[in-house]
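Working notes for the structure below.
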Amino acid sequence: QVQLVESGGGSVQAGGSLRVSCVVSGFTVSTYSCMSWFRQAPGKEREGVAALYTRDGSAAYADSVKGRFTISQDKVKNTLYLQMNSLKPEDTAIYYCALDVVCPAGSPLLTTPTNYNYWGQGTQVTVSS
C-alpha cells in the first residue's frame with residue numbers, strides 16, 4: 001500500500017522560512033516517476049507549486065514561488081522536500097505532496113492534479129503579516 005505522509009508545516013511570519021517533507025512508503029521512487037507539491041487555499045483550486053523528475057531531480061516551479069521555493073529529494077530516505085523561503089501571506093494554504101508513478105522522459109511537470117496517482121493528507125502552512 002502506497003502512502004505519502006507530509007510533515008513540517010506550521011505558522012511563520014512573513015519573510016520567514018519553513019521546510020515541509022513527504023515520506024513515501026510502499027513504493028520505491030523509480031527513475032520514471034515525478035513528484036510534486038501542490039497547495040490549496042480556502043476557496044481556491046489546488047495549484048501546482050513545484051515538481052521534479054525523480055530520475056535526475058530536474059525541477060519546475062510556478063511563477064509565484066520561483067526563486068523562493070526549492071524542491072528536492074532524498075532517494076535513500078524516499079523523501080521529498082520543499083524548502084520555502086521569503087514566505088508571504090499569500091503562501092498560506094494546505095500543502096500536499098503527490099506521486100505520478102509513471103512519468104517518462106519529456107513528460108511535462110506541474111501538470112494537473114488528475115495526473116497524479118497518490119496523495120498525502122496535507123500539511124497546513126500559515127504565514128502572517
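Ordering of the C-alpha cells sets the chain letters (A, B, ...); residue numbers start at 1 within each chain; ligands are numbered from 1 in the order shown.
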Identify, on the basis of only C-alpha atoms, every residue whose closest approach to region 23-37 of chain A does not exceed 6 Å; exclude the query and any residue fewer than 6 positions from it along the same chain; express the result as a list in words.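 The residues satisfying every condition are Gln1, Val2, Gln3, Leu4, Val5, Val49, Ala50, Ala51, Leu52, Tyr53, Thr54, Arg55, Asn78, Thr79, Tyr96, Cys97, Ala98, Leu99, Asp100, Val101, Val102, Cys103 and Pro104 of chain A.
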If we count only C-alpha atoms and set the cut-off at 7 Å, which residues sit around Val12 (chain A), ignoring sequence neighbours fewer than 2 positions away in its own chain? Please answer as an MDAnalysis selection string. chainID A and resid 10 14 16 126:128
Dump N, CA and C atoms for the selected residues as an mmCIF file, in the first residue's frame?
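Result file follows (out-v8.cif):
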```cif
data_model
loop_
_atom_site.group_PDB
_atom_site.id
_atom_site.type_symbol
_atom_site.label_atom_id
_atom_site.label_comp_id
_atom_site.auth_asym_id
_atom_site.auth_seq_id
_atom_site.Cartn_x
_atom_site.Cartn_y
_atom_site.Cartn_z
ATOM 1 N N GLY A 10 3.426 24.609 9.561
ATOM 2 C CA GLY A 10 3.333 25.388 10.785
ATOM 3 C C GLY A 10 2.999 26.827 10.488
ATOM 4 N N ALA A 14 5.673 36.623 7.899
ATOM 5 C CA ALA A 14 6.122 36.947 6.541
ATOM 6 C C ALA A 14 7.627 37.185 6.526
ATOM 7 N N GLY A 16 9.731 34.718 6.715
ATOM 8 C CA GLY A 16 10.340 33.558 7.346
ATOM 9 C C GLY A 16 10.457 32.369 6.413
ATOM 10 N N THR A 126 0.821 28.425 7.438
ATOM 11 C CA THR A 126 0.165 29.700 7.677
ATOM 12 C C THR A 126 1.223 30.780 7.810
ATOM 13 N N VAL A 127 1.101 31.829 6.996
ATOM 14 C CA VAL A 127 2.057 32.933 7.018
ATOM 15 C C VAL A 127 1.307 34.196 7.422
ATOM 16 N N SER A 128 1.737 34.799 8.500
ATOM 17 C CA SER A 128 1.080 36.008 8.996
ATOM 18 C C SER A 128 1.886 37.240 8.606
#
```
I want to know what sits within 12 Å of Lys88 (chain A), based on only C-alpha atoms, with residues of the same chain fewer than 2 positions away left out; could you give that as a compact mmCIF listing (two decimals) with C-alpha atoms, in the first residue's frame?
```txt
# COMPACT_ATOMS: atom_id res chain seq x y z
CA SER A 11 2.93 29.10 11.36
CA VAL A 12 5.53 31.69 10.49
CA GLN A 13 5.72 35.43 9.98
CA ALA A 14 6.12 36.95 6.54
CA GLY A 15 9.71 36.74 5.39
CA GLY A 16 10.34 33.56 7.35
CA SER A 17 11.16 30.04 6.20
CA LEU A 18 9.72 26.55 6.54
CA SER A 64 4.52 32.67 -7.87
CA VAL A 65 7.23 30.77 -5.96
CA ARG A 68 11.80 31.45 -3.13
CA PHE A 69 10.95 27.74 -3.01
CA MET A 84 10.15 27.68 1.44
CA ASN A 85 11.96 30.98 1.98
CA SER A 86 10.77 34.58 1.98
CA GLU A 90 -0.47 34.54 0.10
CA ASP A 91 1.53 31.32 0.53
CA THR A 92 -0.91 30.31 3.26
CA ALA A 93 -2.50 27.01 2.24
CA VAL A 125 1.28 26.36 6.27
CA THR A 126 0.17 29.70 7.68
CA VAL A 127 2.06 32.93 7.02
CA SER A 128 1.08 36.01 9.00
CA SER A 129 1.81 39.59 8.01
```
Using DSSP on the backbone, list every residue of chain A that comes out as strand (DSSP E or B), and give them as a PyMOL selection string. chain A and resi 3-7+10-13+18-25+34-40+47-53+59-61+69-74+79-84+93-100+118-119+123-128
So which bits of chain A end up helix (DSSP H, G or I) when you DSSP the backbone, as an NGL selection string? :A and (89-91 or 113-115)
Could you please take those selected residues and save C-alpha atoms as a JSON list (two decimals), in the first residue's frame?
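The file below, part33.json, is the result:
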```
[["chain", "number", "residue", "atom", "x", "y", "z"],
["A", 89, "PRO", "CA", 0.79, 35.71, 3.49],
["A", 90, "GLU", "CA", -0.47, 34.54, 0.10],
["A", 91, "ASP", "CA", 1.53, 31.32, 0.53],
["A", 113, "PRO", "CA", -3.74, 17.09, -10.14],
["A", 114, "THR", "CA", -5.58, 14.38, -12.08],
["A", 115, "ASN", "CA", -2.25, 13.09, -13.46]]
```
Residue with smallest distance to Cys22 (chain A) - pool A:Phe38, A:Tyr116, A:Tyr81, A:Tyr95, counting only C-alpha atoms: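 Looking at the shortest contact to Cys22 (chain A), the residue is A:Tyr81.
Interatomic distance, CA of Leu87 (chain A) against CA of Gln40 (chain A): 15.6 Å.
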Between A:Ile71, A:Ala105, A:Ile94, A:Leu110, which one has atoms that come closest to Gly9 (chain A), using only C-alpha atoms? A:Ile94
Under the rule that only C-alpha atoms are counted, which of A:Ala60, A:Gly8, A:Val20, A:Gln124 is the nearest residue to Leu80 (chain A)?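 Closest candidate: A:Val20.
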Using only C-alpha atoms, which of A:Glu6, A:Glu47, A:Trp119, A:Lys75 sits nearest Tyr61 (chain A)? A:Glu47
